[in-house]
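Structure file data_21.cif (mmCIF, C-alpha atoms and all ligand atoms) follows.
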data_protein
#
loop_
_atom_site.label_atom_id
_atom_site.label_comp_id
_atom_site.auth_asym_id
_atom_site.auth_seq_id
_atom_site.Cartn_x
_atom_site.Cartn_y
_atom_site.Cartn_z
CA MET E 1 121.99 144.13 -18.09
CA THR E 2 121.59 147.81 -18.74
CA LYS E 3 119.60 149.47 -15.96
CA LYS E 4 116.97 151.83 -17.23
CA ILE E 5 116.67 155.18 -15.51
CA ALA E 6 113.71 157.47 -16.14
CA VAL E 7 114.71 161.11 -15.77
CA LEU E 8 111.87 163.49 -14.92
CA PRO E 9 113.22 167.02 -14.43
CA GLY E 10 109.82 168.65 -13.77
CA ASP E 11 109.40 172.33 -12.97
CA GLY E 12 111.18 175.36 -11.56
CA ILE E 13 114.76 174.56 -10.62
CA GLY E 14 114.07 170.86 -11.41
CA PRO E 15 115.73 170.86 -14.85
CA GLU E 16 118.84 172.71 -13.57
CA ILE E 17 119.52 170.46 -10.61
CA VAL E 18 118.71 167.25 -12.48
CA ALA E 19 121.18 168.25 -15.20
CA GLU E 20 123.94 168.30 -12.57
CA ALA E 21 123.02 164.88 -11.19
CA VAL E 22 122.98 163.57 -14.77
CA LYS E 23 126.53 164.92 -15.25
CA VAL E 24 127.59 162.77 -12.32
CA LEU E 25 125.81 159.69 -13.68
CA GLU E 26 127.30 160.27 -17.15
CA GLN E 27 130.76 160.37 -15.62
CA LEU E 28 130.14 157.04 -13.90
CA ARG E 29 128.77 155.65 -17.14
CA LYS E 30 132.07 156.50 -18.82
CA GLU E 31 133.69 154.43 -16.09
CA GLY E 32 131.50 151.42 -16.80
CA LEU E 33 128.19 151.98 -14.99
CA ASP E 34 125.70 150.24 -17.28
CA ILE E 35 122.71 152.59 -17.41
CA SER E 36 120.44 154.21 -19.97
CA LEU E 37 118.69 157.53 -19.41
CA ASP E 38 115.23 158.28 -20.82
CA TYR E 39 113.53 161.62 -20.27
CA GLY E 40 109.87 162.24 -19.50
CA LEU E 41 107.54 165.10 -18.64
CA VAL E 42 105.95 165.50 -15.23
CA GLY E 43 104.23 168.25 -13.23
CA GLY E 44 103.48 171.66 -14.67
CA ALA E 45 105.81 171.06 -17.62
CA ALA E 46 103.71 168.02 -18.52
CA TYR E 47 100.45 169.90 -17.98
CA ASP E 48 101.53 172.65 -20.36
CA GLU E 49 102.40 170.13 -23.09
CA THR E 50 99.69 167.54 -22.64
CA GLY E 51 96.98 168.88 -20.30
CA THR E 52 97.83 166.46 -17.49
CA PRO E 53 100.62 166.50 -14.86
CA LEU E 54 101.19 162.76 -15.31
CA PRO E 55 100.86 161.75 -18.98
CA GLY E 56 100.42 158.06 -19.80
CA ALA E 57 103.77 158.04 -21.58
CA THR E 58 105.52 159.22 -18.42
CA LEU E 59 103.77 156.65 -16.25
CA ASP E 60 104.71 153.89 -18.73
CA LEU E 61 108.30 155.11 -18.79
CA ALA E 62 108.43 155.17 -14.98
CA LYS E 63 106.85 151.73 -14.70
CA SER E 64 109.29 150.18 -17.15
CA ALA E 65 112.34 151.83 -15.56
CA ASP E 66 114.50 150.33 -12.83
CA ALA E 67 114.79 153.69 -11.13
CA ILE E 68 113.50 157.21 -11.52
CA LEU E 69 115.38 160.45 -10.98
CA LEU E 70 113.02 163.34 -10.34
CA GLY E 71 113.70 167.06 -9.93
CA ALA E 72 110.72 168.91 -8.50
CA VAL E 73 107.18 169.87 -9.45
CA GLY E 74 104.99 172.93 -9.01
CA GLY E 75 105.11 176.68 -9.34
CA TYR E 76 103.08 179.89 -9.14
CA LYS E 77 101.98 179.47 -12.72
CA TRP E 78 99.84 176.44 -11.95
CA GLU E 79 98.58 177.36 -8.47
CA SER E 80 95.12 178.38 -9.63
CA LEU E 81 94.49 175.15 -11.59
CA ASP E 82 91.95 172.65 -10.33
CA ILE E 83 93.63 170.45 -7.70
CA SER E 84 93.11 167.36 -9.88
CA VAL E 85 95.53 168.63 -12.54
CA ARG E 86 98.00 170.55 -10.37
CA PRO E 87 101.66 169.62 -10.81
CA GLU E 88 101.77 168.00 -7.35
CA LYS E 89 99.25 165.42 -8.60
CA GLY E 90 101.90 164.20 -11.02
CA LEU E 91 104.28 163.43 -8.19
CA LEU E 92 101.60 161.91 -5.96
CA GLY E 93 100.35 159.83 -8.90
CA LEU E 94 103.82 158.40 -9.49
CA ARG E 95 104.25 157.54 -5.82
CA SER E 96 100.91 155.81 -5.64
CA GLU E 97 100.87 154.10 -9.09
CA LEU E 98 104.33 152.66 -8.46
CA ASN E 99 103.58 151.70 -4.85
CA LEU E 100 106.53 153.67 -3.54
CA PHE E 101 105.36 153.45 0.05
CA ALA E 102 108.71 153.83 1.82
CA ASN E 103 110.23 157.27 1.75
CA LEU E 104 113.72 157.50 3.23
CA ARG E 105 114.87 161.00 4.09
CA PRO E 106 118.30 161.04 5.69
CA ALA E 107 119.30 164.23 7.48
CA LEU E 108 123.04 164.16 7.66
CA LEU E 109 125.08 167.15 8.69
CA TYR E 110 128.25 167.60 6.72
CA PRO E 111 130.66 168.93 9.39
CA GLN E 112 131.77 171.61 6.91
CA LEU E 113 128.25 173.06 7.10
CA ALA E 114 127.79 173.14 10.89
CA GLY E 115 127.99 176.93 10.69
CA ALA E 116 125.32 177.12 7.97
CA SER E 117 122.60 175.76 10.26
CA THR E 118 120.49 178.30 12.10
CA LEU E 119 121.01 176.16 15.21
CA LYS E 120 124.13 176.26 17.38
CA PRO E 121 126.91 174.10 15.94
CA GLU E 122 127.09 171.97 19.12
CA VAL E 123 123.39 171.10 18.78
CA VAL E 124 123.76 169.79 15.22
CA ALA E 125 127.41 168.63 15.00
CA GLY E 126 127.47 164.93 14.13
CA LEU E 127 123.77 164.80 13.28
CA ASP E 128 122.82 161.64 11.37
CA LEU E 129 119.15 160.85 11.43
CA MET E 130 116.86 158.95 9.08
CA ILE E 131 113.23 159.86 8.64
CA VAL E 132 111.15 156.99 7.29
CA ARG E 133 107.95 158.51 5.95
CA GLU E 134 104.94 156.47 4.82
CA LEU E 135 104.30 157.75 1.31
CA THR E 136 101.26 156.19 -0.33
CA GLY E 137 98.61 156.34 2.37
CA GLY E 138 97.26 158.49 5.17
CA ILE E 139 95.52 161.80 4.70
CA TYR E 140 97.26 162.41 1.35
CA PHE E 141 95.23 159.65 -0.27
CA GLY E 142 92.35 158.90 2.12
CA GLN E 143 88.75 158.96 0.85
CA PRO E 144 86.37 160.72 1.10
CA ARG E 145 87.94 164.06 0.36
CA GLY E 146 86.84 167.27 -1.23
CA ILE E 147 85.04 170.56 -0.73
CA ARG E 148 81.26 170.34 -0.35
CA THR E 149 78.46 172.82 0.17
CA LEU E 150 76.42 172.35 3.33
CA ASP E 151 72.65 172.78 3.57
CA ASN E 152 73.10 176.34 4.83
CA GLY E 153 75.16 177.18 1.73
CA GLU E 154 78.49 177.29 3.59
CA LYS E 155 81.39 175.42 2.07
CA GLN E 156 83.21 172.71 4.00
CA GLY E 157 86.56 171.14 3.15
CA TYR E 158 87.30 167.60 4.32
CA ASN E 159 90.04 164.97 4.11
CA THR E 160 90.33 161.56 5.69
CA LEU E 161 93.22 160.12 7.67
CA VAL E 162 93.22 156.34 7.20
CA TYR E 163 95.77 153.58 7.75
CA ARG E 164 95.28 149.85 7.54
CA GLU E 165 97.33 147.63 9.88
CA SER E 166 99.15 146.14 6.89
CA GLU E 167 100.24 149.59 5.71
CA ILE E 168 101.55 150.46 9.16
CA LYS E 169 103.37 147.14 9.45
CA ARG E 170 105.09 147.38 6.09
CA ILE E 171 106.50 150.85 6.75
CA GLY E 172 107.38 149.80 10.30
CA LYS E 173 109.41 146.88 8.97
CA VAL E 174 111.38 149.21 6.73
CA ALA E 175 112.18 151.44 9.71
CA PHE E 176 113.17 148.55 12.00
CA ASP E 177 115.37 147.01 9.29
CA ILE E 178 117.16 150.29 8.71
CA ALA E 179 117.60 150.88 12.45
CA GLY E 180 119.13 147.40 12.70
CA LYS E 181 121.91 148.58 10.40
CA ARG E 182 122.35 151.86 12.28
CA GLN E 183 122.20 152.59 16.01
CA GLY E 184 119.23 150.30 16.59
CA ARG E 185 116.70 152.90 17.71
CA VAL E 186 113.30 153.69 16.19
CA CYS E 187 111.14 156.57 17.34
CA SER E 188 107.59 156.24 16.01
CA VAL E 189 105.84 159.58 15.70
CA ASP E 190 102.07 159.86 16.00
CA LYS E 191 99.24 161.87 17.51
CA ALA E 192 97.75 158.96 19.42
CA ASN E 193 96.41 161.25 22.14
CA VAL E 194 93.90 162.71 19.69
CA LEU E 195 93.65 160.63 16.49
CA GLU E 196 92.35 157.05 16.60
CA CYS E 197 94.08 156.29 13.34
CA THR E 198 97.45 156.95 14.92
CA GLU E 199 96.43 155.11 18.08
CA LEU E 200 96.31 152.07 15.81
CA TRP E 201 99.65 153.20 14.36
CA ARG E 202 101.17 153.13 17.86
CA GLU E 203 99.67 149.74 18.78
CA THR E 204 100.83 148.19 15.51
CA MET E 205 104.38 149.52 15.88
CA THR E 206 104.50 148.19 19.45
CA GLU E 207 103.41 144.74 18.29
CA LEU E 208 105.89 144.74 15.42
CA ALA E 209 108.74 145.65 17.77
CA GLN E 210 108.50 142.16 19.29
CA ASP E 211 109.97 140.78 16.05
CA TYR E 212 112.97 143.08 16.46
CA PRO E 213 114.44 142.39 19.90
CA HIS E 214 117.65 144.21 18.99
CA VAL E 215 115.89 147.43 18.06
CA ASP E 216 114.67 149.85 20.69
CA LEU E 217 111.25 151.37 19.99
CA SER E 218 110.04 154.62 21.50
CA HIS E 219 106.95 156.72 20.72
CA MET E 220 106.53 160.45 20.51
CA TYR E 221 103.65 162.78 19.75
CA VAL E 222 104.28 164.80 16.63
CA ASP E 223 104.15 168.19 18.33
CA ASN E 224 106.79 167.08 20.80
CA ALA E 225 108.83 165.52 17.97
CA ALA E 226 108.90 168.85 16.13
CA MET E 227 110.13 170.52 19.30
CA GLN E 228 112.72 167.81 20.05
CA LEU E 229 114.06 168.06 16.48
CA VAL E 230 115.16 171.62 17.09
CA ARG E 231 115.94 171.19 20.80
CA ALA E 232 118.11 168.06 20.74
CA PRO E 233 118.05 166.42 17.30
CA LYS E 234 120.89 164.01 18.01
CA GLN E 235 118.63 161.97 20.33
CA PHE E 236 117.11 160.42 17.18
CA ASP E 237 118.39 157.56 15.06
CA VAL E 238 115.41 156.50 12.90
CA MET E 239 112.04 158.24 13.00
CA VAL E 240 109.07 156.52 11.40
CA THR E 241 105.86 158.36 10.77
CA THR E 242 102.79 159.00 8.64
CA ASN E 243 102.72 160.66 5.25
CA MET E 244 101.80 164.15 6.41
CA PHE E 245 103.80 164.19 9.64
CA GLY E 246 106.82 162.97 7.67
CA ASP E 247 106.35 165.73 5.12
CA ILE E 248 106.47 168.36 7.84
CA LEU E 249 109.17 166.84 10.05
CA SER E 250 111.52 166.26 7.13
CA ASP E 251 111.44 169.92 6.10
CA CYS E 252 112.13 170.78 9.73
CA ALA E 253 115.02 168.29 9.90
CA SER E 254 116.51 169.62 6.69
CA MET E 255 117.25 172.97 8.27
CA LEU E 256 119.34 171.25 10.92
CA THR E 257 121.75 170.36 8.15
CA GLY E 258 122.19 173.94 6.99
CA SER E 259 119.92 173.99 3.99
CA ILE E 260 116.97 172.19 2.51
CA GLY E 261 119.18 172.12 -0.60
CA MET E 262 121.26 169.33 0.94
CA LEU E 263 118.67 166.60 1.58
CA PRO E 264 118.16 163.69 -0.81
CA SER E 265 115.42 161.08 -0.65
CA ALA E 266 114.54 157.63 -1.87
CA SER E 267 110.99 156.36 -2.34
CA LEU E 268 110.97 152.58 -2.55
CA ASP E 269 108.50 149.82 -3.32
CA GLU E 270 108.58 146.27 -1.89
CA ASN E 271 111.31 145.30 -4.36
CA SER E 272 113.58 148.29 -3.88
CA LYS E 273 112.62 149.83 -7.16
CA GLY E 274 112.83 153.50 -6.41
CA MET E 275 112.23 157.09 -7.25
CA TYR E 276 114.95 159.47 -6.15
CA GLU E 277 114.44 163.17 -5.60
CA PRO E 278 115.65 166.06 -3.47
CA ILE E 279 113.20 166.78 -0.64
CA HIS E 280 113.03 170.47 -1.55
CA GLY E 281 110.51 171.84 -3.99
CA SER E 282 110.75 173.58 -7.33
CA ALA E 283 111.76 176.98 -5.87
CA PRO E 284 110.13 179.01 -8.68
CA ASP E 285 111.55 182.22 -7.19
CA ILE E 286 115.09 181.24 -8.20
CA ALA E 287 114.35 179.06 -11.24
CA GLY E 288 116.50 179.62 -14.32
CA GLU E 289 119.12 181.65 -12.45
CA ASN E 290 121.71 178.89 -12.12
CA ILE E 291 122.00 179.51 -8.37
CA ALA E 292 120.11 176.56 -6.88
CA ASN E 293 121.95 173.92 -4.86
CA PRO E 294 122.23 170.69 -6.90
CA LEU E 295 123.74 168.66 -4.05
CA ALA E 296 120.44 167.18 -2.78
CA THR E 297 119.77 165.85 -6.28
CA ILE E 298 123.33 164.59 -6.70
CA LEU E 299 123.04 162.86 -3.32
CA SER E 300 119.71 161.41 -4.47
CA ALA E 301 121.56 159.87 -7.42
CA ALA E 302 123.96 158.36 -4.87
CA MET E 303 120.99 156.86 -3.01
CA MET E 304 119.81 155.41 -6.34
CA LEU E 305 123.16 153.69 -6.80
CA ARG E 306 123.01 152.33 -3.27
CA TYR E 307 119.37 151.20 -2.98
CA THR E 308 118.33 150.22 -6.51
CA LEU E 309 121.44 149.70 -8.62
CA ASP E 310 123.53 147.82 -6.02
CA GLN E 311 126.53 150.04 -6.59
CA ALA E 312 127.40 150.97 -3.02
CA GLU E 313 130.98 151.79 -3.94
CA MET E 314 129.96 154.35 -6.55
CA ALA E 315 127.45 155.79 -4.09
CA ASP E 316 130.24 156.20 -1.55
CA ARG E 317 132.36 157.94 -4.15
CA ILE E 318 129.64 160.49 -4.92
CA GLU E 319 129.14 161.20 -1.22
CA LYS E 320 132.89 161.61 -0.74
CA ALA E 321 133.07 163.92 -3.76
CA VAL E 322 130.34 166.10 -2.25
CA SER E 323 132.27 166.22 1.01
CA GLN E 324 135.40 167.12 -0.96
CA VAL E 325 133.85 170.11 -2.73
CA LEU E 326 132.57 171.35 0.62
CA ASP E 327 136.09 170.92 2.05
CA ASP E 328 137.30 172.98 -0.88
CA GLY E 329 135.05 175.77 0.32
CA LEU E 330 132.61 175.70 -2.60
CA ARG E 331 129.09 176.80 -1.68
CA THR E 332 125.93 177.63 -3.57
CA ALA E 333 124.06 180.72 -2.38
CA ASP E 334 121.89 178.85 0.14
CA ILE E 335 124.89 177.58 2.14
CA HIS E 336 127.32 180.39 1.39
CA SER E 337 128.97 182.20 4.28
CA GLU E 338 131.97 184.45 4.74
CA GLY E 339 135.27 182.80 3.90
CA THR E 340 133.76 180.37 1.38
CA THR E 341 133.47 180.59 -2.39
CA LYS E 342 130.05 181.19 -3.90
CA VAL E 343 129.46 179.04 -6.98
CA SER E 344 126.63 178.50 -9.44
CA THR E 345 124.51 175.37 -9.84
CA SER E 346 126.49 174.19 -12.85
CA ALA E 347 129.88 175.02 -11.30
CA MET E 348 128.92 172.96 -8.25
CA GLY E 349 127.99 170.02 -10.49
CA ASP E 350 131.26 170.33 -12.42
CA ALA E 351 133.21 170.42 -9.17
CA VAL E 352 131.54 167.23 -7.91
CA VAL E 353 132.34 165.48 -11.21
CA ALA E 354 135.96 166.67 -10.95
CA ALA E 355 136.18 165.43 -7.36
CA LEU E 356 134.86 161.99 -8.36
C1 LIG Q 1 107.58 166.50 -0.53
C2 LIG Q 1 106.72 167.57 -1.14
C3 LIG Q 1 105.47 166.94 -1.72
C4 LIG Q 1 104.71 166.30 -0.59
C5 LIG Q 1 104.56 167.88 -2.52
C6 LIG Q 1 105.30 168.59 -3.62
C7 LIG Q 1 103.36 167.17 -3.08
O1 LIG Q 1 106.43 168.55 -0.20
O2 LIG Q 1 107.99 165.59 -1.26
O3 LIG Q 1 107.86 166.58 0.66
O4 LIG Q 1 103.91 166.96 0.10
O5 LIG Q 1 104.90 165.10 -0.37
MG MG Q 2 107.47 168.32 1.64
#

If you took the structure in this file and wrote it as C-alpha cells, what would it be?
Amino acid sequence: MTKKIAVLPGDGIGPEIVAEAVKVLEQLRKEGLDISLDYGLVGGAAYDETGTPLPGATLDLAKSADAILLGAVGGYKWESLDISVRPEKGLLGLRSELNLFANLRPALLYPQLAGASTLKPEVVAGLDLMIVRELTGGIYFGQPRGIRTLDNGEKQGYNTLVYRESEIKRIGKVAFDIAGKRQGRVCSVDKANVLECTELWRETMTELAQDYPHVDLSHMYVDNAAMQLVRAPKQFDVMVTTNMFGDILSDCASMLTGSIGMLPSASLDENSKGMYEPIHGSAPDIAGENIANPLATILSAAMMLRYTLDQAEMADRIEKAVSQVLDDGLRTADIHSEGTTKVSTSAMGDAVVAAL
C-alpha cells in the first residue's frame, strides 16, 4: 500500500531544506519506496494565503497522511500578529490535534564534526544522546492562560503548568522503551524542588521504573541538567522531560553536535504515526539564500523511514550517506571550517542523493 506523506514546508528556510529532503525521498521512490507526496500550507505561509496558520485543508491532509514532513514555521513578518494566529500556532495545533505527544530528539555527534562544536572535542566525541520531550501538554497547552488587567490597571501575564499522571506515564514509557534498546539509562529532568507539577512527574517516573527492572532511572533538576549537558554530556543516554524543559534542553544539546542544523526530530502518537522536522527554526535571516543546512531535515526523513514507514534499511542508508558527504569534506556555512569545502543547501542535498 502506498504510504501517504504530507509535506508542509512552512516559512523561512523551510521550503529550501524540505526540497532537499524530498530529493532524497524521490530517489528512494525511484528505487521502489512506495510513497506519495502531497503538499500543504502551514505557519506564516498559510496565514498569508488563508488567514490562519493551520487551515482545515492542511489539518485534513495531515490527519489522512501516514507521516508528515515539516520544515519550519515563523518569521519577523508575523511577530506582531495576535498570538492566536501566529505561525507557531500552526505547528502547535498539528502536534495537539494529531496527539503527537512523544518528541524524540537525538543528539548524535558525527565524528567529522567534533571540531565544529564550541565545546572541546574530547567532551563531545562519541556523543549519542536521546531527548524524549513531552509535546502535547505542560505549560505550552495548560489552561488558564492569557494576559489580564488587574484591578489597579496593571497587566498580568499567566500560563499554567499541568500534567496528569497518565500523560507522564505515557511519555515515560516511551523513554524507558527507547532506553531498553540503547544503554538502558533514563534521566528524568524536572524542577521538583520548586514545582508541584514536576514533583508528581518525579513520583510517577519512579513508580513506572518498577516495570522496567533493566533500565536505570535517575532524576535531575533542570538547571543542573542544563549545566551537565555542557559539562559532561556523555553521562546521558536518554533524557525524558516536560514540553518546555525539552524545548530548551534540546537546543542546548544541539550545539554539542556542532550545529543546530544537524538535529532531526520525530513527533509520534500512540500508533507511531509521526511528524518529522528539524529541531531548528525558520531562520528568517538566511531564508532564500540557499545557504541553510538541509541535513537535519534529511535526517528527519530518515527517522520517518525508521519509525513510521518500517524501512530501517533505507533509513540507515540515508544516515550513511550523510556521514559520507561529511567524510568528503562538504559543509554548509554553519558547520564550515578551514580545510573543508563550503557548499550550498541544494549542493548538499545533491551530494547526499549521490552518496545514497
Ligand atoms: C521547537 C520549536 C517550537 C517549540 C516553536 C517553533 C513553537 O522551538 O520545535 O523546539 O517551542 O516547540
Ligand atoms: Mg525549540

### Task
Dump the neighbourhood of ligand MG 2 (chain Q) as a PyMOL selection string: all residues within 12 Å, distances computed on all atoms listed in the file.
chain E and resi 72-74+88+91-92+103+105+133+135+140+243-254+260+263-265+277-282

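Between CA of Met348 in chain E and CA of Ala116 in chain E lies a distance of 17.1 Å.
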
Given 3 Å on each side, where is the centre and what are the edge lengths in Å to one decimal of the axis-aligned box enclosing the listed atoms of ligand LIG 1 (chain Q), as JSON?
{"center_x": 105.7, "center_y": 166.8, "center_z": -1.5, "size_x": 10.6, "size_y": 9.5, "size_z": 10.3}

### Query
Can you list, as a VMD selection string, every protein, DNA or RNA residue that comes within 9 Å of Arg164 in chain E when you count only C-alpha atoms, leaving out same-chain residues fewer than 3 positions away?
chain E and resid 137 167 to 169 197 200 to 201

### Query
Hey, what's within 6 Å of range 14-21 of chain E if we count only C-alpha atoms and toss same-chain stuff fewer than 5 positions away? As a ChimeraX atom specification, please?
/E:9,71-72,282,294,297-298,349

Residues of the last selection are to be written out with C-alpha atoms, as a PDB file, keeping the file's coordinate frame.
ATOM      1  CA  PRO E   9     113.220 167.020 -14.430  1.00  0.00           C
ATOM      2  CA  GLY E  71     113.700 167.060  -9.930  1.00  0.00           C
ATOM      3  CA  ALA E  72     110.720 168.910  -8.500  1.00  0.00           C
ATOM      4  CA  SER E 282     110.750 173.580  -7.330  1.00  0.00           C
ATOM      5  CA  PRO E 294     122.230 170.690  -6.900  1.00  0.00           C
ATOM      6  CA  THR E 297     119.770 165.850  -6.280  1.00  0.00           C
ATOM      7  CA  ILE E 298     123.330 164.590  -6.700  1.00  0.00           C
ATOM      8  CA  GLY E 349     127.990 170.020 -10.490  1.00  0.00           C
TER       9      GLY E 349
END

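Between CA of Ala107 in chain E and CA of Asp269 in chain E lies a distance of 21.0 Å.
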